[in-house]
Amino acid sequence: MYQPWTVKYKPKTLKEIVGNREAIEKFVNWVKSWEKSPPAKRAAFLYGPPGVGKTVTVEALANDFKMELVEKNASDYRTEEAVKRFAGLASQYGSLFGTRRIILFDELDGLTGTADKGGVKAITDIIKTAQCPIVLIANNAFDPRFAVLRNYCLLIEFKKPSATEVLKHLKAICLKEGIAAEENALKFIAQRSEGDIRSAVTDLQALAQGKKRLTYDDVSWLGYRDRQETIFTVLRMILYGKTCEGAKRAVDMADVDIDMLFEWIYENVPAHLTDPHDLARAMDALSIADVYRGRIRSTQDWSFVRYVIDFMTAGVAMARVNTKTSGWTPFQFPKRIQALSRSKEERAMQLEIGHKIKRRCHISATRASKEVLPYLRIIFKSNVEMAAGIAKWLDLSPEMIDYLAENEEKAEAIKQAAGLKPS
Amino acid sequence: MSFEMWAEKYRPKTLDEMVDQKEIVERLKSFVKAKNVPHCIFAGPPGTGKTTAALCLARDLYGEAYREHIMELNASDERGIDVVRETVKTFARVRSIGEVPFKIMILDEADNMTADAQQALRRTMERYTETCRFILCANYSGKIIEPIQSRCAPFRFTYLPREEHDKYLRYIAENEGVKLLEEGLNAIYEVCGGDLRRAINTLQAAASLGKPVDAKIVYSIAGRANPADVQKMIETAMKGDFLEARRQLREMIQKYGVAGSDIIRQIHTEIFRAEIPEPWKIKLADIVGEIDYRLVEGADEEVQLSALLAKLVEAAYEIKSARKG
């Protein structure tokens, strides 16, 4: 009987899942936190690229924790009414037989266009009063449609597992299937998948099922399909486009969503349009595209997306008047995305310190984190004794000291002087 | 040197200890004497003693156990209407036990309250006047709705005069065994503009370096403590380095959480100070205004502001070419 290996070898327990240990731990802790009472965030939003194990994680957890998993796919909740039908399920913690329940809304990306208007809002409403854990899954949690929804969710990022991790999984499958596979062959499949385990397993099955041996030659004919290459082609069509139509067509080729494509363009415009007039025109076009994104958000009318596309592609292409197409400038990955998640954590820490200052200094945490914290940073870098005194006085945690000192050695000295650590 | 925050250590405890705002202090003392306090608005720039005056008033009125009779709320942290409905009401309606028959609610940074919350507050103030008096501290009294203003006695706080400012900082420096040079003191006044909390924080951070506090140290502290170096970002853009200017912008927004509205307000000020041909200033102001409006509408701060930076790059380039030609 033919059974896809992706189903046959799907992890049944959390232990078997490939990679993403951190995300899984965060998720497990959140589910555990329900045991006392509903936590502040009543939904967890699992996001990340396709095939990295988001859905599998939820299923395995339900299995490990003996919870009843109520799973809904995009087609089940296209409209507000459809979602509201699940509201009853979400309002109680346990099911009839006392088993606890977990509700999963999968493939949130699948909600598109005006037809699904209200679907996201209805989900948000359910979360607000949910009495059991709600889990949302999407590739891109930062889609503007989820802006409000996000506030009610614990965001958990699933990253692509490394090629080594994928390789381990493939080896295990080969062992169970009784296939003697060359390390090189499996490595090739693992690398080609770029962290998408599902596609790696599918490839392996296509190449190896029914065989006793799998060699490098069996697999090497599969052309190396570089996903990176696609986006570069798309960028070239936009940044060096001669016609509006050509630049606009690039969007259809891109295998990233509009927002991500916007980030790619936004990152790369300055290096490729160096003439000040061209640069100003291109940035202006991007800023207008951004205005239309705002209009989509405020009206929830997705038809405006065509203007977003006009300005971010054709608008940028038409900005080139003076800059010559000379030489070859590499494309950069949008740095803003990486910086954003890092700085989000940082700002949470700043606000926590702000709250400590507030307790002592009659100033709001918000203002303290902006107006007092910078001075603390200077003190923590230059004066161990004073820093230790202030750390004690404000009752700062070791992590806060680490953050303010920005230097491990300094931080340790301060902690020791503050008596936070046995010497 | 003592190892706590000096701004707190040297905060006056009683109205008698308050160095300035003499007229205000006199009126507050008369409230203490009469054991009656009206609802008040303390308005004035930061670091001029609004919160201190409220705390001193409370201590003089209730004695050492004053904390049992007051509640401090920061509108910047809890600005919503729910807080007024729940926290404020719960506090306000319960009668205080003791000689003074009312409690005091100090609402700090009250100009950050939403309009809805202010409306709710207005009813609460009215209803529980007998059991609770409100002191609203705000930078701008104009942001407080008219009906609340008309129910409050207004007090206008101003920056400390230079002599008082200097006297206070010298006193702290002496007490902490810090060598504060005259030029250092001048520099502190210059960068903090009479905001005493900032001045004391600057002094403490400067002192933490363990050297005599001179002008150079003060300027470097001020630079490091002010993440919103908009002036530097504009200079970078005007020099034509868009990528670096955008990096600085990104750091301000993401790392330090500076609000886009604050950045644009500073850009607006800087443009009129910049050494560019006069007609350009008004041209740029138009662009700044447009971007400002977009930010209010909820556009992406970095994308919009970097479009503005690109315009600055372009402007500087055109000005330069015009001068050459």
# chains A, B, ... in the order shown; residues from 1 in each chain; ligands from 1

$ interface_residues --of "chain B" --to "chain A" --cutoff "7 Å" --atoms "only C-alpha atoms" --output "PyMOL selection string"
chain B and resi 3-5+8+74+76-77+201-202+205+208-209+225+243+254-255+257+298-300+303-304+307+310-311+313-314+317

$ write_last_selection --atoms "N, CA and C atoms" --output "JSON list (two decimals), in the first residue's frame"
[["chain", "number", "residue", "atom", "x", "y", "z"],
["B", 3, "PHE", "N", 25.45, 55.00, 46.54],
["B", 3, "PHE", "CA", 25.16, 54.14, 45.41],
["B", 3, "PHE", "C", 23.67, 53.88, 45.25],
["B", 4, "GLU", "N", 22.95, 54.93, 45.04],
["B", 4, "GLU", "CA", 21.55, 54.80, 44.65],
["B", 4, "GLU", "C", 21.34, 55.87, 43.60],
["B", 5, "MET", "N", 20.11, 56.07, 43.17],
["B", 5, "MET", "CA", 19.91, 57.13, 42.19],
["B", 5, "MET", "C", 19.84, 58.46, 42.92],
["B", 8, "GLU", "N", 16.72, 60.57, 43.20],
["B", 8, "GLU", "CA", 15.75, 60.17, 44.22],
["B", 8, "GLU", "C", 16.24, 60.55, 45.61],
["B", 74, "ASN", "N", 0.61, 56.33, 36.98],
["B", 74, "ASN", "CA", 1.27, 56.94, 35.85],
["B", 74, "ASN", "C", 0.46, 56.75, 34.60],
["B", 76, "SER", "N", 1.12, 57.33, 31.64],
["B", 76, "SER", "CA", 1.83, 56.79, 30.47],
["B", 76, "SER", "C", 1.82, 55.27, 30.47],
["B", 77, "ASP", "N", 1.83, 54.68, 31.66],
["B", 77, "ASP", "CA", 1.81, 53.22, 31.72],
["B", 77, "ASP", "C", 0.40, 52.68, 31.68],
["B", 201, "ASN", "N", 20.83, 63.22, 36.93],
["B", 201, "ASN", "CA", 21.23, 61.96, 36.29],
["B", 201, "ASN", "C", 22.53, 62.13, 35.51],
["B", 202, "THR", "N", 22.63, 63.25, 34.81],
["B", 202, "THR", "CA", 23.85, 63.51, 34.05],
["B", 202, "THR", "C", 25.04, 63.63, 34.99],
["B", 205, "ALA", "N", 25.97, 60.11, 36.28],
["B", 205, "ALA", "CA", 26.63, 59.29, 35.26],
["B", 205, "ALA", "C", 28.05, 59.82, 35.01],
["B", 208, "SER", "N", 30.30, 58.81, 37.78],
["B", 208, "SER", "CA", 30.62, 57.39, 37.83],
["B", 208, "SER", "C", 31.92, 57.08, 37.09],
["B", 209, "LEU", "N", 32.37, 58.01, 36.25],
["B", 209, "LEU", "CA", 33.62, 57.80, 35.53],
["B", 209, "LEU", "C", 34.82, 58.00, 36.44],
["B", 225, "ALA", "N", 23.66, 59.42, 26.22],
["B", 225, "ALA", "CA", 22.36, 59.18, 26.87],
["B", 225, "ALA", "C", 21.19, 59.58, 25.99],
["B", 243, "LEU", "N", 22.57, 55.36, 3.27],
["B", 243, "LEU", "CA", 22.53, 54.07, 3.95],
["B", 243, "LEU", "C", 22.86, 54.21, 5.43],
["B", 254, "GLN", "N", 14.14, 51.09, 16.39],
["B", 254, "GLN", "CA", 14.05, 49.71, 16.87],
["B", 254, "GLN", "C", 14.74, 49.51, 18.20],
["B", 255, "LYS", "N", 15.98, 49.97, 18.32],
["B", 255, "LYS", "CA", 16.72, 49.66, 19.53],
["B", 255, "LYS", "C", 16.27, 50.52, 20.69],
["B", 257, "GLY", "N", 13.50, 52.56, 20.71],
["B", 257, "GLY", "CA", 12.06, 52.78, 20.82],
["B", 257, "GLY", "C", 11.64, 54.23, 20.74],
["B", 298, "GLY", "N", -0.83, 55.95, 10.62],
["B", 298, "GLY", "CA", -0.39, 54.60, 10.94],
["B", 298, "GLY", "C", 0.52, 53.96, 9.91],
["B", 299, "ALA", "N", 1.18, 54.77, 9.09],
["B", 299, "ALA", "CA", 2.11, 54.20, 8.12],
["B", 299, "ALA", "C", 3.36, 53.70, 8.84],
["B", 300, "ASP", "N", 4.19, 52.94, 8.12],
["B", 300, "ASP", "CA", 5.42, 52.38, 8.66],
["B", 300, "ASP", "C", 6.43, 53.50, 8.92],
["B", 303, "VAL", "N", 9.93, 53.29, 6.95],
["B", 303, "VAL", "CA", 9.79, 53.48, 5.50],
["B", 303, "VAL", "C", 9.51, 54.96, 5.20],
["B", 304, "GLN", "N", 8.60, 55.55, 5.94],
["B", 304, "GLN", "CA", 8.24, 56.94, 5.68],
["B", 304, "GLN", "C", 9.39, 57.88, 5.99],
["B", 307, "ALA", "N", 12.13, 57.69, 3.48],
["B", 307, "ALA", "CA", 11.79, 58.42, 2.26],
["B", 307, "ALA", "C", 12.12, 59.91, 2.45],
["B", 310, "ALA", "N", 15.79, 60.39, 2.13],
["B", 310, "ALA", "CA", 16.21, 60.41, 0.73],
["B", 310, "ALA", "C", 15.98, 61.79, 0.11],
["B", 311, "LYS", "N", 14.90, 62.44, 0.55],
["B", 311, "LYS", "CA", 14.63, 63.80, 0.07],
["B", 311, "LYS", "C", 15.72, 64.76, 0.57],
["B", 313, "VAL", "N", 18.82, 63.94, 1.21],
["B", 313, "VAL", "CA", 20.00, 63.66, 0.39],
["B", 313, "VAL", "C", 19.89, 64.42, -0.93],
["B", 314, "GLU", "N", 18.71, 64.34, -1.52],
["B", 314, "GLU", "CA", 18.48, 64.99, -2.80],
["B", 314, "GLU", "C", 18.61, 66.51, -2.68],
["B", 317, "TYR", "N", 22.15, 67.61, -2.35],
["B", 317, "TYR", "CA", 22.83, 67.44, -3.63],
["B", 317, "TYR", "C", 22.50, 68.60, -4.57]]

$ residues_around --residues "Glu245 of chain A" --least-positions-apart "4" --cutoff "10 Å" --atoms "only C-alpha atoms" --output "list in words"
Gly241, Arg249, Ala250, Asp310, Thr313 and Ala314 of chain A

$ write_last_selection --atoms "N, CA and C atoms" --output "PDB file, in the first residue's frame"
ATOM      1  N   GLY A 241      14.020  47.352 -14.197  1.00  0.00           N
ATOM      2  CA  GLY A 241      12.934  47.225 -15.166  1.00  0.00           C
ATOM      3  C   GLY A 241      12.852  48.447 -16.075  1.00  0.00           C
ATOM      4  N   ARG A 249       5.140  42.423 -13.414  1.00  0.00           N
ATOM      5  CA  ARG A 249       5.046  40.987 -13.618  1.00  0.00           C
ATOM      6  C   ARG A 249       5.948  40.221 -12.645  1.00  0.00           C
ATOM      7  N   ALA A 250       6.983  40.898 -12.152  1.00  0.00           N
ATOM      8  CA  ALA A 250       7.930  40.246 -11.242  1.00  0.00           C
ATOM      9  C   ALA A 250       7.228  39.664 -10.020  1.00  0.00           C
ATOM     10  N   ASP A 310       1.797  48.381  -7.693  1.00  0.00           N
ATOM     11  CA  ASP A 310       2.185  49.407  -8.673  1.00  0.00           C
ATOM     12  C   ASP A 310       3.396  50.196  -8.192  1.00  0.00           C
ATOM     13  N   THR A 313       6.799  48.193  -7.337  1.00  0.00           N
ATOM     14  CA  THR A 313       7.512  47.613  -8.483  1.00  0.00           C
ATOM     15  C   THR A 313       7.711  48.667  -9.579  1.00  0.00           C
ATOM     16  N   ALA A 314       6.624  49.017 -10.279  1.00  0.00           N
ATOM     17  CA  ALA A 314       6.730  49.968 -11.386  1.00  0.00           C
ATOM     18  C   ALA A 314       7.246  51.323 -10.889  1.00  0.00           C
TER      19      ALA A 314
END

$ select_by_dssp --residues "segment 47-163 of chain B" --states "alpha helix (DSSP H)" --output "PyMOL selection string"
chain B and resi 50-62+81-83+89-93+115-127+146-149+162-163

$ write_last_selection --atoms "N, CA and C atoms" --output "CSV table (one decimal), in the first residue's frame"
chain,number,residue,atom,x,y,z
B,50,LYS,N,7.1,68.9,39.8
B,50,LYS,CA,5.7,68.6,40.0
B,50,LYS,C,5.3,67.4,40.9
B,51,THR,N,5.9,66.3,40.6
B,51,THR,CA,5.7,65.1,41.4
B,51,THR,C,6.3,65.3,42.8
B,52,THR,N,7.4,65.9,42.9
B,52,THR,CA,8.0,66.2,44.2
B,52,THR,C,7.1,67.1,45.0
B,53,ALA,N,6.5,68.1,44.4
B,53,ALA,CA,5.6,69.0,45.2
B,53,ALA,C,4.4,68.2,45.7
B,54,ALA,N,3.9,67.3,44.8
B,54,ALA,CA,2.7,66.5,45.2
B,54,ALA,C,3.1,65.6,46.4
B,55,LEU,N,4.3,65.0,46.3
B,55,LEU,CA,4.7,64.1,47.4
B,55,LEU,C,4.9,64.8,48.7
B,56,CYS,N,5.6,66.0,48.6
B,56,CYS,CA,5.9,66.8,49.7
B,56,CYS,C,4.6,67.2,50.4
B,57,LEU,N,3.7,67.7,49.6
B,57,LEU,CA,2.4,68.1,50.1
B,57,LEU,C,1.7,66.9,50.9
B,58,ALA,N,1.8,65.7,50.3
B,58,ALA,CA,1.2,64.6,51.0
B,58,ALA,C,1.9,64.3,52.3
B,59,ARG,N,3.2,64.4,52.3
B,59,ARG,CA,3.9,64.1,53.5
B,59,ARG,C,3.6,65.1,54.6
B,60,ASP,N,3.6,66.4,54.2
B,60,ASP,CA,3.3,67.4,55.2
B,60,ASP,C,1.9,67.2,55.8
B,61,LEU,N,1.0,66.8,54.9
B,61,LEU,CA,-0.4,66.7,55.3
B,61,LEU,C,-0.7,65.5,56.2
B,62,TYR,N,-0.1,64.3,55.8
B,62,TYR,CA,-0.4,63.1,56.5
B,62,TYR,C,0.7,62.6,57.5
B,81,ILE,N,-9.1,53.7,29.7
B,81,ILE,CA,-10.3,54.0,30.5
B,81,ILE,C,-10.5,53.0,31.6
B,82,ASP,N,-10.1,51.8,31.3
B,82,ASP,CA,-10.3,50.7,32.3
B,82,ASP,C,-9.7,51.1,33.7
B,83,VAL,N,-8.5,51.7,33.6
B,83,VAL,CA,-7.8,52.0,34.8
B,83,VAL,C,-8.6,53.0,35.6
B,89,LYS,N,-11.4,54.5,40.7
B,89,LYS,CA,-12.7,54.5,41.4
B,89,LYS,C,-12.6,53.7,42.7
B,90,THR,N,-12.0,52.6,42.7
B,90,THR,CA,-11.8,51.8,43.9
B,90,THR,C,-11.1,52.6,45.0
B,91,PHE,N,-10.0,53.2,44.6
B,91,PHE,CA,-9.3,54.0,45.5
B,91,PHE,C,-10.1,55.2,46.0
B,92,ALA,N,-10.7,55.9,45.1
B,92,ALA,CA,-11.4,57.2,45.4
B,92,ALA,C,-12.5,57.0,46.3
B,93,ARG,N,-13.3,55.9,46.2
B,93,ARG,CA,-14.5,55.9,46.9
B,93,ARG,C,-14.4,55.5,48.4
B,115,ALA,N,-8.7,60.6,25.7
B,115,ALA,CA,-9.8,61.5,26.0
B,115,ALA,C,-10.9,60.8,26.7
B,116,ASP,N,-11.2,59.5,26.3
B,116,ASP,CA,-12.2,58.7,27.0
B,116,ASP,C,-11.9,58.6,28.5
B,117,ALA,N,-10.6,58.3,28.8
B,117,ALA,CA,-10.3,58.1,30.2
B,117,ALA,C,-10.5,59.4,30.9
B,118,GLN,N,-10.2,60.5,30.3
B,118,GLN,CA,-10.3,61.8,30.9
B,118,GLN,C,-11.8,62.1,31.2
B,119,GLN,N,-12.7,61.7,30.3
B,119,GLN,CA,-14.1,61.9,30.5
B,119,GLN,C,-14.6,61.1,31.7
B,120,ALA,N,-14.1,59.8,31.8
B,120,ALA,CA,-14.4,59.0,32.9
B,120,ALA,C,-13.9,59.6,34.2
B,121,LEU,N,-12.7,60.1,34.1
B,121,LEU,CA,-12.0,60.7,35.3
B,121,LEU,C,-12.8,61.9,35.8
B,122,ARG,N,-13.3,62.6,34.9
B,122,ARG,CA,-14.1,63.8,35.3
B,122,ARG,C,-15.3,63.5,36.2
B,123,ARG,N,-16.0,62.4,35.8
B,123,ARG,CA,-17.1,62.0,36.6
B,123,ARG,C,-16.7,61.5,38.0
B,124,THR,N,-15.6,60.7,38.0
B,124,THR,CA,-15.1,60.1,39.2
B,124,THR,C,-14.7,61.3,40.2
B,125,MET,N,-14.0,62.3,39.6
B,125,MET,CA,-13.6,63.4,40.4
B,125,MET,C,-14.8,64.1,41.1
B,126,GLU,N,-15.8,64.2,40.3
B,126,GLU,CA,-17.0,64.9,40.8
B,126,GLU,C,-17.7,64.1,41.9
B,127,ARG,N,-17.8,62.8,41.6
B,127,ARG,CA,-18.6,62.0,42.5
B,127,ARG,C,-17.9,61.7,43.9
B,146,GLU,N,-11.1,70.4,29.0
B,146,GLU,CA,-11.7,71.7,29.6
B,146,GLU,C,-12.4,71.4,30.9
B,147,PRO,N,-13.4,70.4,30.9
B,147,PRO,CA,-14.2,70.2,32.1
B,147,PRO,C,-13.3,69.8,33.4
B,148,ILE,N,-12.2,69.1,33.1
B,148,ILE,CA,-11.3,68.8,34.3
B,148,ILE,C,-10.6,70.0,34.7
B,149,GLN,N,-10.1,70.8,33.7
B,149,GLN,CA,-9.3,72.0,34.0
B,149,GLN,C,-10.2,72.9,34.9
B,162,ARG,N,18.7,79.8,37.1
B,162,ARG,CA,20.1,79.3,37.0
B,162,ARG,C,20.7,79.2,38.4
B,163,GLU,N,20.6,80.2,39.2
B,163,GLU,CA,21.3,80.2,40.5
B,163,GLU,C,20.9,79.0,41.4

$ residues_around --residues "Lys415 of chain A" --least-positions-apart "2" --cutoff "10 Å" --atoms "only C-alpha atoms" --output "ChimeraX atom specification"
/A:384,387-388,391-392,396-398,401-402,409-413,417-423

$ select_by_dssp --residues "segment 58-206 of chain A" --states "strand (DSSP E)" --output "MDAnalysis selection string"
chainID A and resid 68:72 101:105 134:138 153:157 180:181

$ residues_around --residues "segment 17-21 of chain A" --least-positions-apart "5" --cutoff "10 Å" --atoms "only C-alpha atoms" --output "MDAnalysis selection string"
chainID A and resid 10:12 26:27 52:54 56:57 60 157:162 164:169 195 197

$ residues_around --residues "Tyr171 of chain B" --least-positions-apart "4" --cutoff "12 Å" --atoms "only C-alpha atoms" --output "number ranges by chain"
B: 6, 10, 19, 164-167, 175-180, 185, 200, 203

$ atom_distance --atom1 "atom CA of Gly210 of chain B" --atom2 "atom CA of Gly223 of chain B"
18.4 Å

$ residues_around --residues "Arg236 of chain A" --least-positions-apart "4" --cutoff "10 Å" --atoms "only C-alpha atoms" --output "JSON, numbers by chain"
{"A": [230, 231, 232, 240, 241, 247, 250, 265, 272, 317, 331]}

$ closest_residue --among "B:Gly44, B:Ala199, B:Ile221, B:Val191" --to "Ala138 of chain B" --atoms "only C-alpha atoms"
B:Gly44

$ atom_distance --atom1 "atom CA of Phe42 of chain B" --atom2 "atom CA of Leu136 of chain B"
6.0 Å

$ closest_residue --among "A:Gln300, A:Thr6, A:Thr13, A:Asn322" --to "Ser199 of chain A" --atoms "only C-alpha atoms"
A:Thr6

$ closest_residue --among "B:Arg265, B:Lys320, B:Lys22, B:Lys239" --to "Pro161 of chain B" --atoms "only C-alpha atoms"
B:Lys22
